[in-house]
>>> print(open('coords_20.cif').read())   # mmCIF, C-alpha atoms
data_work
loop_
_atom_site.label_atom_id
_atom_site.label_comp_id
_atom_site.auth_asym_id
_atom_site.auth_seq_id
_atom_site.Cartn_x
_atom_site.Cartn_y
_atom_site.Cartn_z
CA MET A 15 29.37 13.67 -4.88
CA SER A 16 26.23 11.95 -3.65
CA SER A 17 26.42 10.21 -0.27
CA GLY A 18 22.96 8.71 0.29
CA ILE A 19 22.24 5.08 1.03
CA PHE A 20 24.44 4.15 -1.90
CA GLY A 21 27.63 5.49 -0.33
CA THR A 22 29.93 8.13 -1.78
CA ARG A 23 30.31 7.21 -5.46
CA ARG A 24 28.63 9.21 -8.16
CA TYR A 25 26.41 6.50 -9.69
CA PRO A 26 26.49 3.59 -7.24
CA ALA A 27 23.40 1.89 -8.71
CA LEU A 28 25.02 1.61 -12.15
CA PRO A 29 27.01 -1.60 -11.39
CA LEU A 30 23.80 -3.24 -10.15
CA ILE A 31 22.00 -2.36 -13.38
CA CYS A 32 24.96 -3.59 -15.46
CA THR A 33 25.24 -6.94 -13.68
CA THR A 34 21.48 -7.47 -13.90
CA GLY A 35 21.59 -6.71 -17.62
CA ALA A 36 24.53 -9.06 -18.10
CA LEU A 37 22.63 -11.87 -16.38
CA LEU A 38 19.54 -11.32 -18.53
CA VAL A 39 21.51 -11.07 -21.80
CA LEU A 40 24.00 -13.90 -21.23
CA TYR A 41 21.68 -16.48 -19.68
CA PRO A 42 20.14 -17.70 -22.98
CA ALA A 43 23.61 -18.34 -24.41
CA LEU A 44 24.86 -20.43 -21.48
CA PRO A 45 25.31 -24.20 -21.97
CA ASP A 46 23.24 -26.75 -20.14
CA GLY A 47 24.55 -28.80 -17.23
CA LEU A 48 27.14 -27.94 -14.64
CA PRO A 49 29.10 -25.43 -16.80
CA GLY A 50 25.94 -23.41 -17.35
CA ASP A 51 24.95 -23.66 -13.70
CA ALA A 52 28.42 -22.51 -12.67
CA ALA A 53 28.21 -19.53 -15.04
CA VAL A 54 24.80 -18.59 -13.66
CA GLY A 55 26.25 -18.87 -10.16
CA VAL A 56 29.06 -16.46 -11.03
CA LEU A 57 26.63 -13.96 -12.56
CA MET A 58 24.30 -14.24 -9.57
CA LEU A 59 27.25 -13.69 -7.22
CA ALA A 60 28.27 -10.56 -9.14
CA LEU A 61 24.69 -9.30 -9.02
CA ILE A 62 24.42 -9.92 -5.30
CA VAL A 63 27.77 -8.28 -4.55
CA SER A 64 26.80 -5.19 -6.54
CA GLY A 65 23.42 -5.14 -4.79
CA VAL A 66 25.04 -5.33 -1.37
CA LEU A 67 27.48 -2.56 -2.24
CA THR A 68 24.63 -0.21 -3.12
CA LEU A 69 23.66 -0.31 0.56
CA ARG A 70 27.09 0.44 1.96
CA GLY A 71 27.12 3.14 4.58
CA THR A 72 23.71 2.14 5.94
CA GLY A 73 24.71 0.13 9.01
CA ASN A 74 22.52 -2.92 9.57
CA HIS A 75 20.93 -2.70 6.12
CA ILE A 76 24.10 -3.82 4.34
CA VAL A 77 24.54 -6.69 6.81
CA ILE A 78 20.99 -7.90 6.25
CA ALA A 79 21.42 -7.64 2.48
CA ALA A 80 24.70 -9.59 2.65
CA VAL A 81 23.08 -12.39 4.66
CA LEU A 82 20.10 -12.61 2.31
CA GLY A 83 22.41 -12.62 -0.71
CA ALA A 84 24.59 -15.34 0.80
CA ILE A 85 21.51 -17.53 1.21
CA GLY A 86 20.77 -17.28 -2.52
CA VAL A 87 24.36 -18.03 -3.57
CA SER A 88 24.65 -20.91 -1.11
CA ALA A 89 21.42 -22.45 -2.36
CA HIS A 90 22.70 -22.34 -5.91
CA ALA A 91 26.04 -23.89 -4.96
CA VAL A 92 24.43 -26.69 -2.94
CA PHE A 93 21.87 -27.72 -5.54
CA ALA A 94 24.11 -27.28 -8.60
CA ALA A 95 25.83 -30.54 -7.69
CA PHE A 96 22.54 -32.43 -7.98
CA THR A 97 21.25 -31.15 -11.32
CA HIS A 98 22.47 -34.28 -13.09
CA GLN A 99 19.79 -36.26 -11.25
CA SER A 100 16.47 -36.42 -13.09
CA ASN A 101 14.45 -35.90 -9.91
CA ALA A 102 16.52 -33.02 -8.53
CA PRO A 103 15.31 -29.40 -8.77
CA ARG A 104 17.14 -27.13 -11.17
CA ALA A 105 19.87 -25.16 -9.40
CA GLU A 106 18.86 -21.87 -10.95
CA LEU A 107 15.23 -22.35 -9.90
CA VAL A 108 16.25 -23.02 -6.31
CA SER A 109 18.65 -20.08 -6.36
CA ALA A 110 15.92 -17.82 -7.73
CA CYS A 111 13.56 -18.86 -4.94
CA ALA A 112 16.20 -18.35 -2.27
CA SER A 113 17.13 -14.93 -3.70
CA VAL A 114 13.62 -13.47 -3.54
CA PRO A 115 14.17 -11.90 -0.07
CA PHE A 116 17.44 -10.32 -1.24
CA PHE A 117 15.97 -8.88 -4.44
CA THR A 118 12.96 -7.56 -2.56
CA TYR A 119 15.04 -6.03 0.24
CA VAL A 120 17.47 -4.19 -2.05
CA ALA A 121 14.65 -3.10 -4.39
CA TRP A 122 12.69 -1.66 -1.46
CA HIS A 123 15.61 0.40 -0.18
CA SER A 124 16.55 1.52 -3.69
CA LEU A 125 13.01 2.72 -4.26
CA ARG A 126 12.93 4.50 -0.89
CA TYR A 127 16.15 6.28 -1.76
CA ALA A 128 14.77 7.34 -5.13
CA SER A 129 11.51 8.71 -3.72
CA ARG A 130 12.37 10.20 -0.33
CA HIS A 131 13.60 13.58 -1.58
CA ALA A 132 12.05 16.66 -3.15
CA CYS A 133 14.24 16.43 -6.25
CA LEU A 134 14.99 13.69 -8.77
CA THR A 135 18.62 13.41 -9.84
CA ASP A 136 20.50 10.98 -12.06
CA ASP A 137 21.60 8.70 -9.25
CA ARG A 138 18.06 8.44 -7.87
CA LEU A 139 16.69 7.69 -11.33
CA LEU A 140 19.23 4.88 -11.67
CA ALA A 141 18.20 3.63 -8.24
CA ALA A 142 14.56 3.52 -9.36
CA ALA A 143 15.55 1.64 -12.53
CA SER A 144 17.55 -0.91 -10.54
CA ALA A 145 14.59 -1.37 -8.20
CA TYR A 146 12.34 -2.10 -11.18
CA LEU A 147 14.76 -4.71 -12.54
CA LEU A 148 15.07 -6.33 -9.12
CA VAL A 149 11.30 -6.49 -8.75
CA GLY A 150 11.17 -8.47 -11.99
CA LEU A 151 13.83 -10.88 -10.73
CA ALA A 152 12.04 -11.25 -7.40
CA TRP A 153 8.82 -12.23 -9.17
CA SER A 154 10.74 -14.72 -11.32
CA GLY A 155 11.72 -16.40 -8.05
CA VAL A 156 8.07 -16.60 -7.04
CA HIS A 157 7.23 -18.21 -10.38
CA ALA A 158 10.18 -20.58 -9.92
CA LEU A 159 8.78 -21.63 -6.56
CA PHE A 160 5.41 -22.50 -8.11
CA THR A 161 7.23 -24.42 -10.86
CA LEU A 162 9.16 -26.48 -8.31
CA ILE A 163 5.93 -27.25 -6.45
CA ASP A 164 3.94 -28.10 -9.58
CA GLN A 165 5.55 -28.39 -13.01
CA SER A 166 2.19 -27.73 -14.67
CA SER A 167 1.92 -24.24 -13.10
CA TYR A 168 3.14 -22.67 -16.34
CA THR A 169 3.00 -23.94 -19.91
CA SER A 170 4.72 -22.87 -23.10
CA PRO A 171 4.84 -24.09 -26.72
CA GLY A 172 7.83 -26.23 -25.77
CA GLU A 173 7.70 -29.43 -23.78
CA GLY A 174 8.81 -30.12 -20.23
CA GLU A 175 9.46 -27.95 -17.22
CA LEU A 176 10.17 -24.28 -17.85
CA ASP A 177 13.68 -23.20 -16.95
CA TRP A 178 14.54 -20.04 -15.05
CA GLY A 179 15.25 -18.08 -18.23
CA GLU A 180 11.71 -18.66 -19.46
CA LEU A 181 10.33 -17.66 -16.07
CA VAL A 182 12.40 -14.46 -16.08
CA TYR A 183 11.03 -13.72 -19.54
CA PHE A 184 7.48 -14.38 -18.32
CA SER A 185 8.10 -12.21 -15.25
CA TYR A 186 9.19 -9.16 -17.21
CA ILE A 187 6.51 -9.36 -19.88
CA THR A 188 3.99 -9.63 -17.04
CA LEU A 189 5.54 -6.79 -15.03
CA THR A 190 5.46 -4.57 -18.12
CA THR A 191 1.96 -5.87 -19.01
CA LEU A 192 3.03 -6.90 -22.52
CA GLY A 193 1.53 -10.37 -22.11
CA TYR A 194 2.53 -12.13 -25.34
CA GLY A 195 0.72 -15.28 -24.24
CA ASP A 196 3.39 -17.81 -25.17
CA VAL A 197 4.00 -18.62 -21.49
CA THR A 198 0.74 -19.11 -19.64
CA PRO A 199 0.01 -19.60 -15.92
CA ARG A 200 -2.29 -22.58 -15.50
CA THR A 201 -2.82 -23.11 -11.78
CA GLU A 202 -4.70 -20.70 -9.53
CA PRO A 203 -1.63 -19.70 -7.43
CA ALA A 204 0.37 -18.98 -10.60
CA GLN A 205 -2.49 -16.95 -12.06
CA ALA A 206 -2.84 -14.98 -8.83
CA ALA A 207 0.90 -14.24 -8.80
CA ALA A 208 0.79 -13.06 -12.42
CA THR A 209 -2.15 -10.79 -11.65
CA ILE A 210 -0.45 -9.21 -8.64
CA GLU A 211 2.79 -8.76 -10.57
CA ALA A 212 1.01 -6.97 -13.43
CA ILE A 213 -0.69 -4.63 -10.96
CA THR A 214 2.67 -4.01 -9.27
CA GLY A 215 4.27 -3.09 -12.58
CA VAL A 216 1.52 -0.63 -13.49
CA PHE A 217 1.62 1.10 -10.11
CA PHE A 218 5.42 1.19 -10.08
CA LEU A 219 5.74 2.93 -13.43
CA GLY A 220 2.74 5.18 -12.77
CA LEU A 221 4.07 6.38 -9.44
CA LEU A 222 7.58 6.84 -10.83
CA VAL A 223 6.35 8.96 -13.74
CA ALA A 224 4.16 11.00 -11.38
CA ARG A 225 7.17 11.53 -9.12
CA MET A 226 9.32 12.66 -12.04
CA LEU A 227 6.71 15.16 -13.20
CA ALA A 228 6.10 16.55 -9.72
CA THR A 229 9.70 17.19 -8.65
CA PRO A 230 12.55 19.43 -9.87
CA GLN A 231 15.49 17.73 -11.52
CA GLY A 232 19.19 18.35 -11.75
CA ASP A 233 22.30 18.29 -9.61
CA GLU A 234 21.86 21.87 -8.40
CA ALA A 235 18.57 20.97 -6.76
CA ALA A 236 20.16 17.85 -5.26
CA ARG A 237 22.94 19.85 -3.61
CA ALA A 238 20.33 21.86 -1.75
CA ILE A 239 19.16 18.73 0.08
CA PRO A 240 21.77 16.89 2.16
CA ASP A 241 21.77 13.09 2.03
CA HIS A 242 22.32 10.99 5.10
CA PRO A 243 21.99 7.25 5.74
CA SER A 244 19.61 7.96 8.59
CA GLU A 245 17.03 9.08 6.03
CA VAL A 246 16.32 5.47 5.15
CA SER A 247 16.34 4.02 8.61
CA PRO A 248 13.06 2.50 9.77
#
>>> encode(input="coords_20.cif", output="structure tokens")
Amino acid sequence: MSSGIFGTRRYPALPLICTTGALLVLYPALPDGLPGDAAVGVLMLALIVSGVLTLRGTGNHIVIAAVLGAIGVSAHAVFAAFTHQSNAPRAELVSACASVPFFTYVAWHSLRYASRHACLTDDRLLAAASAYLLVGLAWSGVHALFTLIDQSSYTSPGEGELDWGELVYFSYITLTTLGYGDVTPRTEPAQAAATIEAITGVFFLGLLVARMLATPQGDEAARAIPDHPSEVSP
């Protein structure tokens, strides 16, 4: 069994991918108000726990990830109580902003794990996929920050401030360079963020495909290269 930065389980990145997918799929169906905010909080907590567990066996890395994840969950819990006030920021937007460091940190180490070796195996491919999903969530937090600062940063056919679900949708269609155009960045900081995110998505997929084509695949090749947590230490 693999024992890299993700510990000793066979596919340790799989729970992270599943919880991320559950958050993305279930969010549109959640009710408004405190029940919906509470459900988002539970899903975010599950995502953060699974993200932290992917770094088990890495010493200080798991501690840092746990602290960063706790900041995101705490921000959601604190602000969820104030969403009934018309002038209060949306709890999920605040949580998304506060979770950017966590998503970025776990995505970085997942990507390092997936690309540090001479062979590409199933667990490393899953790690790369989870890193890609986390990058999209991290950028949604950046867009949420701009929305909290200026509600006119992004516009859509609907009226009012965009919620986090719409910003996640905008983040992924930008990261994948689909660009449907229904959500549009209007301010210069929002446009700059969208441009950088699109470039990030192109380079991420391009480098991943190049890595896959340039390296041998399969478990037999993986067994020839021992994994050790020290391989991802700074």
>>> residues_around(input="coords_20.cif", residues="Leu140 of chain A", least_positions_apart="4", cutoff="7 Å", atoms="all atoms listed in the file", output="count of residues only")
4
>>> residues_near_point(input="coords_20.cif", point="(22.8, -11.2, -1.3)", cutoff="12 Å", atoms="only C-alpha atoms", output="ChimeraX atom specification")
/A:30,58-69,75-89,109-110,112-121
>>> residues_around(input="coords_20.cif", residues="Trp122 of chain A", least_positions_apart="6", cutoff="10 Å", atoms="all atoms listed in the file", output="PyMOL selection string")
chain A and resi 116+128+142+145-146+148-149
>>> write_last_selection(input="coords_20.cif", atoms="C-alpha atoms", output="compact mmCIF listing (two decimals), in the frame of the given file")
# COMPACT_ATOMS: atom_id res chain seq x y z
CA PHE A 116 17.44 -10.32 -1.24
CA ALA A 128 14.77 7.34 -5.13
CA ALA A 142 14.56 3.52 -9.36
CA ALA A 145 14.59 -1.37 -8.20
CA TYR A 146 12.34 -2.10 -11.18
CA LEU A 148 15.07 -6.33 -9.12
CA VAL A 149 11.30 -6.49 -8.75
>>> closest_atom_pairs(input="coords_20.cif", of="segment 97-183 of chain A", to="segment 34-57 of chain A", cutoff="10 Å", atoms="all atoms listed in the file", output="CSV")
residue,atom,partner,partner_atom,distance
A:Thr97,CA,A:Gly47,CA,7.2
A:His98,CA,A:Gly47,CA,7.2
A:Arg104,CA,A:Asp51,CA,8.9
A:Ala105,CA,A:Asp51,CA,6.8
A:Glu106,CA,A:Asp51,CA,6.9
A:Ser109,CA,A:Gly55,CA,8.6
A:Ser144,CA,A:Thr34,CA,8.4
A:Leu147,CA,A:Thr34,CA,7.4
A:Leu148,CA,A:Thr34,CA,8.1
A:Leu151,CA,A:Thr34,CA,9.0
A:Trp178,CA,A:Tyr41,CA,9.2
A:Gly179,CA,A:Tyr41,CA,6.8
A:Glu180,CA,A:Pro42,CA,9.2
A:Val182,CA,A:Leu38,CA,8.2
A:Tyr183,CA,A:Leu38,CA,8.9
>>> atom_distance(input="coords_20.cif", atom1="atom CA of Ala206 of chain A", atom2="atom CA of Ile31 of chain A")
28.2 Å
>>> atom_distance(input="coords_20.cif", atom1="atom CA of Met226 of chain A", atom2="atom CA of Tyr127 of chain A")
13.9 Å
>>> resolve_selection(input="coords_20.cif", expression="the PyMOL selection byres ((chain A and resi 207-214) around 10)", output="PyMOL selection string")
chain A and resi 149-150+153-154+156-157+160+184-193+198-199+202-206+215-220
>>> atom_distance(input="coords_20.cif", atom1="atom CA of Pro29 of chain A", atom2="atom CA of Leu227 of chain A")
26.4 Å
>>> closest_residue(input="coords_20.cif", among="A:Val197, A:Leu139, A:Leu162, A:Val92", to="Arg225 of chain A", atoms="all atoms listed in the file")
A:Leu139
>>> decode(input="coords_20.cif", residues="segment 135-169 of chain A", atoms="N, CA and C atoms", output="PDB file, in the first residue's frame")
ATOM      1  N   THR A 135       0.876   6.963 -10.690  1.00  0.00           N
ATOM      2  CA  THR A 135       0.007   5.866 -10.287  1.00  0.00           C
ATOM      3  C   THR A 135      -1.380   6.407  -9.976  1.00  0.00           C
ATOM      4  N   ASP A 136      -2.308   5.481  -9.674  1.00  0.00           N
ATOM      5  CA  ASP A 136      -3.688   5.880  -9.453  1.00  0.00           C
ATOM      6  C   ASP A 136      -3.828   6.875  -8.316  1.00  0.00           C
ATOM      7  N   ASP A 137      -3.132   6.631  -7.207  1.00  0.00           N
ATOM      8  CA  ASP A 137      -3.281   7.520  -6.066  1.00  0.00           C
ATOM      9  C   ASP A 137      -2.730   8.915  -6.366  1.00  0.00           C
ATOM     10  N   ARG A 138      -1.676   9.000  -7.162  1.00  0.00           N
ATOM     11  CA  ARG A 138      -1.135  10.314  -7.514  1.00  0.00           C
ATOM     12  C   ARG A 138      -2.030  11.041  -8.515  1.00  0.00           C
ATOM     13  N   LEU A 139      -2.690  10.283  -9.381  1.00  0.00           N
ATOM     14  CA  LEU A 139      -3.639  10.896 -10.304  1.00  0.00           C
ATOM     15  C   LEU A 139      -4.836  11.456  -9.544  1.00  0.00           C
ATOM     16  N   LEU A 140      -5.304  10.733  -8.537  1.00  0.00           N
ATOM     17  CA  LEU A 140      -6.387  11.236  -7.692  1.00  0.00           C
ATOM     18  C   LEU A 140      -5.949  12.471  -6.916  1.00  0.00           C
ATOM     19  N   ALA A 141      -4.690  12.471  -6.478  1.00  0.00           N
ATOM     20  CA  ALA A 141      -4.170  13.642  -5.776  1.00  0.00           C
ATOM     21  C   ALA A 141      -4.156  14.861  -6.688  1.00  0.00           C
ATOM     22  N   ALA A 142      -3.771  14.668  -7.947  1.00  0.00           N
ATOM     23  CA  ALA A 142      -3.768  15.773  -8.901  1.00  0.00           C
ATOM     24  C   ALA A 142      -5.190  16.267  -9.158  1.00  0.00           C
ATOM     25  N   ALA A 143      -6.151  15.342  -9.255  1.00  0.00           N
ATOM     26  CA  ALA A 143      -7.545  15.731  -9.469  1.00  0.00           C
ATOM     27  C   ALA A 143      -8.087  16.511  -8.279  1.00  0.00           C
ATOM     28  N   SER A 144      -7.756  16.067  -7.067  1.00  0.00           N
ATOM     29  CA  SER A 144      -8.216  16.797  -5.885  1.00  0.00           C
ATOM     30  C   SER A 144      -7.583  18.182  -5.817  1.00  0.00           C
ATOM     31  N   ALA A 145      -6.324  18.293  -6.226  1.00  0.00           N
ATOM     32  CA  ALA A 145      -5.675  19.602  -6.253  1.00  0.00           C
ATOM     33  C   ALA A 145      -6.391  20.534  -7.212  1.00  0.00           C
ATOM     34  N   TYR A 146      -6.798  20.018  -8.367  1.00  0.00           N
ATOM     35  CA  TYR A 146      -7.502  20.842  -9.357  1.00  0.00           C
ATOM     36  C   TYR A 146      -8.836  21.345  -8.800  1.00  0.00           C
ATOM     37  N   LEU A 147      -9.580  20.465  -8.136  1.00  0.00           N
ATOM     38  CA  LEU A 147     -10.852  20.868  -7.539  1.00  0.00           C
ATOM     39  C   LEU A 147     -10.648  21.904  -6.444  1.00  0.00           C
ATOM     40  N   LEU A 148      -9.610  21.726  -5.644  1.00  0.00           N
ATOM     41  CA  LEU A 148      -9.336  22.679  -4.569  1.00  0.00           C
ATOM     42  C   LEU A 148      -8.903  24.035  -5.106  1.00  0.00           C
ATOM     43  N   VAL A 149      -8.178  24.029  -6.231  1.00  0.00           N
ATOM     44  CA  VAL A 149      -7.801  25.304  -6.844  1.00  0.00           C
ATOM     45  C   VAL A 149      -9.055  26.080  -7.248  1.00  0.00           C
ATOM     46  N   GLY A 150     -10.038  25.374  -7.810  1.00  0.00           N
ATOM     47  CA  GLY A 150     -11.287  26.038  -8.178  1.00  0.00           C
ATOM     48  C   GLY A 150     -12.011  26.610  -6.969  1.00  0.00           C
ATOM     49  N   LEU A 151     -12.029  25.872  -5.858  1.00  0.00           N
ATOM     50  CA  LEU A 151     -12.661  26.388  -4.642  1.00  0.00           C
ATOM     51  C   LEU A 151     -11.888  27.568  -4.070  1.00  0.00           C
ATOM     52  N   ALA A 152     -10.558  27.505  -4.137  1.00  0.00           N
ATOM     53  CA  ALA A 152      -9.755  28.620  -3.643  1.00  0.00           C
ATOM     54  C   ALA A 152     -10.057  29.901  -4.426  1.00  0.00           C
ATOM     55  N   TRP A 153     -10.155  29.781  -5.740  1.00  0.00           N
ATOM     56  CA  TRP A 153     -10.470  30.963  -6.552  1.00  0.00           C
ATOM     57  C   TRP A 153     -11.886  31.460  -6.287  1.00  0.00           C
ATOM     58  N   SER A 154     -12.809  30.566  -5.965  1.00  0.00           N
ATOM     59  CA  SER A 154     -14.156  31.023  -5.618  1.00  0.00           C
ATOM     60  C   SER A 154     -14.121  31.886  -4.362  1.00  0.00           C
ATOM     61  N   GLY A 155     -13.195  31.573  -3.449  1.00  0.00           N
ATOM     62  CA  GLY A 155     -13.027  32.414  -2.265  1.00  0.00           C
ATOM     63  C   GLY A 155     -12.486  33.788  -2.607  1.00  0.00           C
ATOM     64  N   VAL A 156     -11.593  33.855  -3.586  1.00  0.00           N
ATOM     65  CA  VAL A 156     -11.083  35.147  -4.042  1.00  0.00           C
ATOM     66  C   VAL A 156     -12.216  35.974  -4.648  1.00  0.00           C
ATOM     67  N   HIS A 157     -13.038  35.333  -5.475  1.00  0.00           N
ATOM     68  CA  HIS A 157     -14.174  36.042  -6.062  1.00  0.00           C
ATOM     69  C   HIS A 157     -15.175  36.464  -4.984  1.00  0.00           C
ATOM     70  N   ALA A 158     -15.341  35.627  -3.956  1.00  0.00           N
ATOM     71  CA  ALA A 158     -16.231  35.986  -2.849  1.00  0.00           C
ATOM     72  C   ALA A 158     -15.717  37.220  -2.116  1.00  0.00           C
ATOM     73  N   LEU A 159     -14.405  37.310  -1.955  1.00  0.00           N
ATOM     74  CA  LEU A 159     -13.819  38.475  -1.294  1.00  0.00           C
ATOM     75  C   LEU A 159     -14.133  39.748  -2.071  1.00  0.00           C
ATOM     76  N   PHE A 160     -13.962  39.708  -3.397  1.00  0.00           N
ATOM     77  CA  PHE A 160     -14.262  40.883  -4.209  1.00  0.00           C
ATOM     78  C   PHE A 160     -15.746  41.230  -4.149  1.00  0.00           C
ATOM     79  N   THR A 161     -16.606  40.205  -4.041  1.00  0.00           N
ATOM     80  CA  THR A 161     -18.043  40.443  -3.937  1.00  0.00           C
ATOM     81  C   THR A 161     -18.396  41.118  -2.621  1.00  0.00           C
ATOM     82  N   LEU A 162     -17.746  40.700  -1.534  1.00  0.00           N
ATOM     83  CA  LEU A 162     -17.992  41.329  -0.240  1.00  0.00           C
ATOM     84  C   LEU A 162     -17.520  42.780  -0.231  1.00  0.00           C
ATOM     85  N   ILE A 163     -16.421  43.049  -0.919  1.00  0.00           N
ATOM     86  CA  ILE A 163     -15.891  44.410  -0.976  1.00  0.00           C
ATOM     87  C   ILE A 163     -16.774  45.295  -1.846  1.00  0.00           C
ATOM     88  N   ASP A 164     -17.192  44.766  -2.995  1.00  0.00           N
ATOM     89  CA  ASP A 164     -17.994  45.542  -3.945  1.00  0.00           C
ATOM     90  C   ASP A 164     -18.988  44.600  -4.615  1.00  0.00           C
ATOM     91  N   GLN A 165     -20.270  44.785  -4.329  1.00  0.00           N
ATOM     92  CA  GLN A 165     -21.284  43.884  -4.871  1.00  0.00           C
ATOM     93  C   GLN A 165     -21.384  43.948  -6.390  1.00  0.00           C
ATOM     94  N   SER A 166     -20.880  45.010  -6.989  1.00  0.00           N
ATOM     95  CA  SER A 166     -20.942  45.146  -8.443  1.00  0.00           C
ATOM     96  C   SER A 166     -19.747  44.504  -9.150  1.00  0.00           C
ATOM     97  N   SER A 167     -18.891  43.782  -8.403  1.00  0.00           N
ATOM     98  CA  SER A 167     -17.709  43.162  -9.011  1.00  0.00           C
ATOM     99  C   SER A 167     -18.080  42.143 -10.071  1.00  0.00           C
ATOM    100  N   TYR A 168     -19.204  41.457  -9.861  1.00  0.00           N
ATOM    101  CA  TYR A 168     -19.666  40.448 -10.814  1.00  0.00           C
ATOM    102  C   TYR A 168     -21.158  40.660 -11.058  1.00  0.00           C
ATOM    103  N   THR A 169     -21.579  40.469 -12.283  1.00  0.00           N
ATOM    104  CA  THR A 169     -22.987  40.592 -12.626  1.00  0.00           C
ATOM    105  C   THR A 169     -23.448  39.330 -13.332  1.00  0.00           C
TER     106      THR A 169
END
